[in-house]
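Here is the file final_21.cif (mmCIF, C-alpha atoms).
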data_upload
loop_
_atom_site.label_atom_id
_atom_site.label_comp_id
_atom_site.auth_asym_id
_atom_site.auth_seq_id
_atom_site.Cartn_x
_atom_site.Cartn_y
_atom_site.Cartn_z
CA MET L 1 113.39 84.11 122.54
CA LYS L 2 115.61 86.83 123.97
CA ASN L 3 118.58 85.65 121.89
CA LEU L 4 116.34 85.41 118.84
CA ALA L 5 115.23 89.01 119.35
CA ILE L 6 118.85 90.15 119.75
CA CYS L 7 119.87 88.47 116.49
CA TRP L 8 116.84 89.90 114.72
CA GLY L 9 117.62 93.43 115.95
CA LYS L 10 121.27 93.20 114.91
CA GLU L 11 120.46 92.01 111.40
CA PHE L 12 117.53 94.39 110.98
CA LYS L 13 119.67 97.43 111.83
CA PHE L 14 122.37 96.22 109.47
CA TYR L 15 119.95 96.39 106.54
CA PHE L 16 119.41 100.10 106.94
CA GLN L 17 123.11 100.84 107.16
CA SER L 18 123.29 100.18 103.42
CA LYS L 19 121.78 102.34 100.69
CA MET L 20 120.95 99.22 98.71
CA ILE L 21 117.87 98.49 100.79
CA TYR L 22 116.37 101.88 99.95
CA LEU L 23 117.01 101.24 96.28
CA ALA L 24 115.40 97.81 96.60
CA VAL L 25 112.26 99.31 98.15
CA LEU L 26 112.08 101.92 95.38
CA VAL L 27 112.52 99.30 92.66
CA TYR L 28 109.89 97.05 94.24
CA ALA L 29 107.35 99.87 94.55
CA SER L 30 107.98 100.96 90.95
CA ILE L 31 107.65 97.47 89.49
CA SER L 32 104.54 96.67 91.52
CA ALA L 33 102.82 99.90 90.56
CA THR L 34 103.72 99.54 86.88
CA LEU L 35 102.48 95.95 86.66
CA ALA L 36 99.29 96.71 88.56
CA LEU L 37 98.38 99.83 86.61
CA TYR L 38 99.58 98.96 83.13
CA GLY L 39 100.08 95.19 83.10
CA SER L 40 96.42 94.29 83.55
CA ASP L 41 92.85 95.57 83.13
CA PHE L 42 93.16 97.68 86.28
CA TYR L 43 91.23 100.61 84.76
CA ASN L 44 88.56 98.52 83.04
CA VAL L 45 87.09 96.47 85.85
CA THR L 46 83.77 97.53 87.29
CA THR L 47 84.70 96.98 90.92
CA ILE L 48 88.33 97.51 91.77
CA ASN L 49 89.55 95.38 94.66
CA MET L 50 93.26 95.57 93.81
CA SER L 51 93.32 91.90 92.83
CA GLN L 52 95.33 93.02 89.79
CA PHE L 53 98.02 94.29 92.14
CA PHE L 54 98.23 91.14 94.25
CA LEU L 55 98.19 88.91 91.17
CA TYR L 56 101.78 89.85 90.34
CA GLN L 57 103.19 89.82 93.87
CA PRO L 58 104.70 86.30 93.92
CA GLY L 59 106.68 87.03 90.76
CA VAL L 60 107.80 90.47 91.93
CA LEU L 61 108.82 89.16 95.34
CA ALA L 62 110.68 86.25 93.77
CA THR L 63 112.97 88.76 92.06
CA MET L 64 113.34 91.15 95.01
CA VAL L 65 113.65 88.82 98.02
CA PRO L 66 117.07 87.44 96.91
CA VAL L 67 118.40 90.99 97.18
CA LEU L 68 117.43 90.98 100.85
CA THR L 69 118.91 87.57 101.67
CA MET L 70 122.08 87.38 99.58
CA ARG L 71 124.31 88.86 102.32
CA LEU L 72 122.79 87.06 105.29
CA TRP L 73 125.45 84.37 105.41
CA ALA L 74 127.96 85.36 102.74
CA ASP L 75 129.40 88.14 104.89
CA GLU L 76 129.77 85.75 107.82
CA TYR L 77 131.70 83.29 105.64
CA LYS L 78 133.75 86.03 103.96
CA ASN L 79 134.83 87.69 107.20
CA ASN L 80 135.24 84.39 109.07
CA THR L 81 132.87 85.61 111.76
CA LEU L 82 130.56 82.60 111.81
CA GLU L 83 132.65 80.74 114.40
CA VAL L 84 132.90 83.88 116.52
CA LEU L 85 129.15 84.39 116.30
CA LEU L 86 128.31 80.81 117.19
CA SER L 87 130.87 80.75 120.01
CA GLN L 88 128.68 83.20 121.88
CA PRO L 89 126.11 81.87 124.38
CA ILE L 90 123.50 81.65 121.66
CA SER L 91 122.01 78.74 119.74
CA ILE L 92 122.34 78.19 116.00
CA TRP L 93 118.56 78.25 115.81
CA SER L 94 118.50 81.79 117.24
CA VAL L 95 120.99 82.96 114.61
CA VAL L 96 119.15 81.28 111.74
CA GLY L 97 115.76 82.48 112.98
CA GLY L 98 117.00 86.01 113.67
CA LYS L 99 118.47 86.42 110.20
CA PHE L 100 115.31 85.08 108.60
CA LEU L 101 113.02 87.32 110.66
CA ALA L 102 115.15 90.36 109.80
CA ALA L 103 114.87 89.63 106.08
CA TRP L 104 111.13 88.99 106.44
CA SER L 105 110.65 92.24 108.37
CA VAL L 106 112.36 94.23 105.63
CA ALA L 107 110.27 92.40 103.02
CA VAL L 108 107.11 93.44 104.89
CA ILE L 109 108.30 97.06 104.93
CA MET L 110 109.01 96.77 101.22
CA ILE L 111 105.49 95.51 100.55
CA LEU L 112 103.99 98.26 102.70
CA SER L 113 105.64 100.81 100.40
CA SER L 114 102.81 100.01 97.97
CA VAL L 115 100.10 101.17 100.38
CA GLY L 116 100.08 104.47 98.47
CA ILE L 117 98.37 102.67 95.59
CA TRP L 118 95.67 101.47 97.97
CA ILE L 119 95.12 104.99 99.32
CA VAL L 120 94.94 106.60 95.88
CA VAL L 121 92.54 103.99 94.51
CA SER L 122 90.32 104.20 97.61
CA LEU L 123 89.86 107.92 96.91
CA MET L 124 88.51 107.14 93.43
CA VAL L 125 86.26 104.12 94.04
CA ASP L 126 84.70 102.17 96.86
CA LEU L 127 86.98 99.36 97.95
CA ASP L 128 86.57 96.36 100.18
CA ASN L 129 89.30 97.59 102.49
CA GLY L 130 88.93 94.68 104.88
CA TRP L 131 89.56 92.16 102.13
CA ILE L 132 92.50 94.17 100.79
CA ALA L 133 94.04 94.16 104.27
CA ILE L 134 93.66 90.37 104.37
CA ASN L 135 95.33 90.11 100.98
CA TYR L 136 98.24 92.14 102.31
CA LEU L 137 98.58 89.68 105.21
CA ILE L 138 98.56 86.80 102.72
CA THR L 139 101.26 88.57 100.72
CA PHE L 140 103.32 88.96 103.89
CA LEU L 141 103.06 85.19 104.40
CA VAL L 142 104.17 84.53 100.82
CA ALA L 143 107.09 86.92 101.30
CA GLY L 144 108.06 85.00 104.43
CA SER L 145 108.05 81.73 102.49
CA LEU L 146 110.29 83.18 99.80
CA CYS L 147 112.59 84.75 102.40
CA ALA L 148 112.96 81.36 104.10
CA LEU L 149 113.76 79.64 100.79
CA ALA L 150 116.23 82.34 99.77
CA SER L 151 117.85 82.25 103.21
CA ALA L 152 118.32 78.50 102.88
CA VAL L 153 120.12 78.98 99.57
CA ALA L 154 122.26 81.76 101.06
CA ALA L 155 123.30 79.44 103.90
CA PHE L 156 124.95 77.13 101.35
CA CYS L 157 126.77 79.92 99.45
CA TYR L 158 130.07 81.58 100.27
CA ASN L 159 129.56 84.77 98.23
CA THR L 160 126.74 87.19 97.58
CA ILE L 161 126.56 86.66 93.81
CA ALA L 162 126.05 82.92 94.15
CA ALA L 163 123.53 83.47 96.94
CA PHE L 164 121.60 85.98 94.83
CA LEU L 165 121.53 83.91 91.63
CA GLY L 166 120.77 80.68 93.45
CA ALA L 167 117.98 82.22 95.50
CA MET L 168 116.41 83.89 92.47
CA ALA L 169 116.52 80.65 90.50
CA LEU L 170 114.84 78.74 93.31
CA CYS L 171 112.23 81.42 94.05
CA MET L 172 111.32 81.83 90.37
CA PHE L 173 111.09 78.05 89.95
CA VAL L 174 108.82 77.71 92.98
CA VAL L 175 106.58 80.57 91.84
CA LEU L 176 106.37 79.65 88.15
CA VAL L 177 106.33 75.84 88.20
CA ASP L 178 102.94 74.27 87.55
CA PHE L 179 103.03 70.69 88.79
CA SER L 180 99.42 69.99 87.86
CA SER L 181 99.99 70.82 84.18
CA TRP L 182 102.93 68.43 84.09
CA ILE L 183 100.78 65.66 85.53
CA ASP L 184 97.95 66.47 83.10
CA GLU L 185 100.32 66.08 80.18
CA LEU L 186 101.96 62.89 81.45
CA LEU L 187 98.92 61.27 83.06
CA PRO L 188 95.83 63.08 81.73
CA ASN L 189 93.36 60.63 83.29
CA ASN L 190 94.84 60.52 86.77
CA VAL L 191 92.67 63.08 88.56
CA MET L 192 93.81 62.12 92.07
CA LEU L 193 97.49 62.57 91.24
CA GLY L 194 96.69 65.82 89.45
CA ASN L 195 94.93 67.22 92.51
CA LEU L 196 97.81 66.08 94.71
CA ALA L 197 100.32 67.82 92.44
CA LYS L 198 98.20 70.97 92.49
CA SER L 199 98.39 71.06 96.29
CA PHE L 200 102.17 71.52 95.99
CA ASP L 201 101.78 74.42 93.56
CA PHE L 202 102.99 77.63 95.26
CA LYS L 203 101.16 80.00 92.89
CA TRP L 204 97.96 77.95 92.98
CA GLN L 205 97.89 78.12 96.77
CA PHE L 206 98.45 81.88 96.67
CA ASP L 207 95.79 82.46 93.99
CA ASN L 208 93.26 80.48 96.02
CA LEU L 209 93.92 82.54 99.13
CA ILE L 210 93.59 85.93 97.47
CA ALA L 211 90.51 84.70 95.61
CA GLY L 212 88.79 84.21 98.95
CA GLN L 213 89.28 80.47 99.40
CA ILE L 214 91.03 80.89 102.72
CA GLY L 215 91.47 77.68 104.63
CA VAL L 216 93.80 75.97 107.05
CA ALA L 217 95.37 73.93 104.26
CA GLY L 218 96.44 76.99 102.26
CA ILE L 219 97.96 78.79 105.24
CA LEU L 220 99.55 75.59 106.52
CA TYR L 221 101.22 75.09 103.13
CA PHE L 222 103.24 78.30 103.48
CA VAL L 223 103.98 77.63 107.16
CA ILE L 224 105.41 74.24 106.21
CA VAL L 225 107.52 75.83 103.46
CA ILE L 226 108.98 78.28 105.99
CA ALA L 227 109.65 75.55 108.56
CA ALA L 228 111.28 73.23 106.02
CA ALA L 229 113.46 76.01 104.61
CA LEU L 230 114.62 77.10 108.07
CA TRP L 231 115.43 73.50 108.97
CA THR L 232 117.51 73.29 105.77
CA SER L 233 119.31 76.51 106.73
CA LEU L 234 120.04 75.06 110.14
CA ILE L 235 121.60 71.97 108.57
CA ALA L 236 123.69 74.07 106.17
CA VAL L 237 125.05 76.31 108.92
CA GLU L 238 125.82 73.35 111.16
CA TYR L 239 127.66 71.67 108.27
CA LYS L 240 129.66 74.82 107.47
CA ARG L 241 130.48 75.19 111.14
CA ARG L 242 132.21 71.82 111.13
#
Would you mind writing the file's structure down as structure tokens?
Amino acid sequence: MKNLAICWGKEFKFYFQSKMIYLAVLVYASISATLALYGSDFYNVTTINMSQFFLYQPGVLATMVPVLTMRLWADEYKNNTLEVLLSQPISIWSVVGGKFLAAWSVAVIMILSSVGIWIVVSLMVDLDNGWIAINYLITFLVAGSLCALASAVAAFCYNTIAAFLGAMALCMFVVLVDFSSWIDELLPNNVMLGNLAKSFDFKWQFDNLIAGQIGVAGILYFVIVIAAALWTSLIAVEYKRR
């Protein structure tokens, strides 16, 4: 855990040595605010609970998370520092986990930049602040899943452009794909298979959670995605090391 914390701290500090991260936060906040305020019926609903804001978060994060992860491994490969890093008395798991946690931490900070919307809206109408806080935690979990997936792609890539494009393609596919609709078209009468396919649907799981259907299965889904993606990253780094 100590080595994991050291790796996390090193990568986290590195993010804020670049101006790009500040631009990424600004772009995220601008896109999120624009979609929430003008991309839905935000002003027309009777009771505003900011569901319109959270509705767009998977798509917004799928475009912004690759910016945070594209340099995680590319710089190590480019500067030939991976062997030096792994020759230290530290495990590969600590390096992989530290890089992932650093990207996730920055993603959380990026999401928190939208709290201003929450504050402004709460001054105009009565909000269920407790539920909004829970939705933020759910969004953090979704951001962690996307960071893990994007980090896994970055671990296979030798340059930042490939890592960015590959991660964005994967994240957008995961967020936008609707497995249940595919099954309904191919096998319209197979309800069991349709429900099974729906359980693998990233967006469906997220929508259920923010709609109030919070259960172990929904949370476990994203935890499994993170674990599987980190395991894939571990394999990629080990392969590149050889």
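The residue that comes closest to Met20 (chain L), out of L:Ala5, L:Ala62, L:Leu68, L:Leu149 and on the basis of all atoms listed in the file, is L:Leu68.
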Please expand the PyMOL selection byres ((chain L and resi 70) around 10) into the concrete residues it hits in this file, giving the result as a list of chain:residue names.
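So the PyMOL selection byres ((chain L and resi 70) around 10), applied here, picks out L:Val65, L:Pro66, L:Val67, L:Leu68, L:Thr69, L:Arg71, L:Leu72, L:Trp73, L:Ala74, L:Asp75, L:Ala103, L:Ala150, L:Ser151, L:Val153, L:Ala154, L:Ala155, L:Cys157, L:Tyr158, L:Asn159, L:Thr160, L:Ile161, L:Ala162, L:Ala163, L:Phe164, L:Leu165, L:Gly166, L:Ala167, L:Met168.
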Please write the residues picked by the PyMOL selection byres ((chain L and resi 140) around 12) on this file as a PyMOL selection string.
chain L and resi 54+57-58+61+65+101+103-112+133-139+141-147+206+219+222-223
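Interatomic distance, CA of Gly98 (chain L) against CA of Ala148 (chain L): 11.4 Å.
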Just to confirm, what's the straight-line distance from CA of Ala29 (chain L) to CA of Phe200 (chain L) in Å (one decimal)?
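Distance reported for this atom pair: 28.9 Å.
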Please report the interatomic distance between CA of Met64 (chain L) and CA of Leu170 (chain L) in Å with one decimal.
12.6 Å
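The smallest atom-to-atom distance between Tyr77 (chain L) and any of L:Trp231, L:Trp131, L:Phe100, L:Phe156, using only C-alpha atoms, is found for L:Phe156.
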Using only C-alpha atoms, can you list as a list in words the residues within 6 Å of (94.4, 96.9, 89.0)?
Ala36, Leu37, Phe42, Met50, Gln52 and Phe53 of chain L
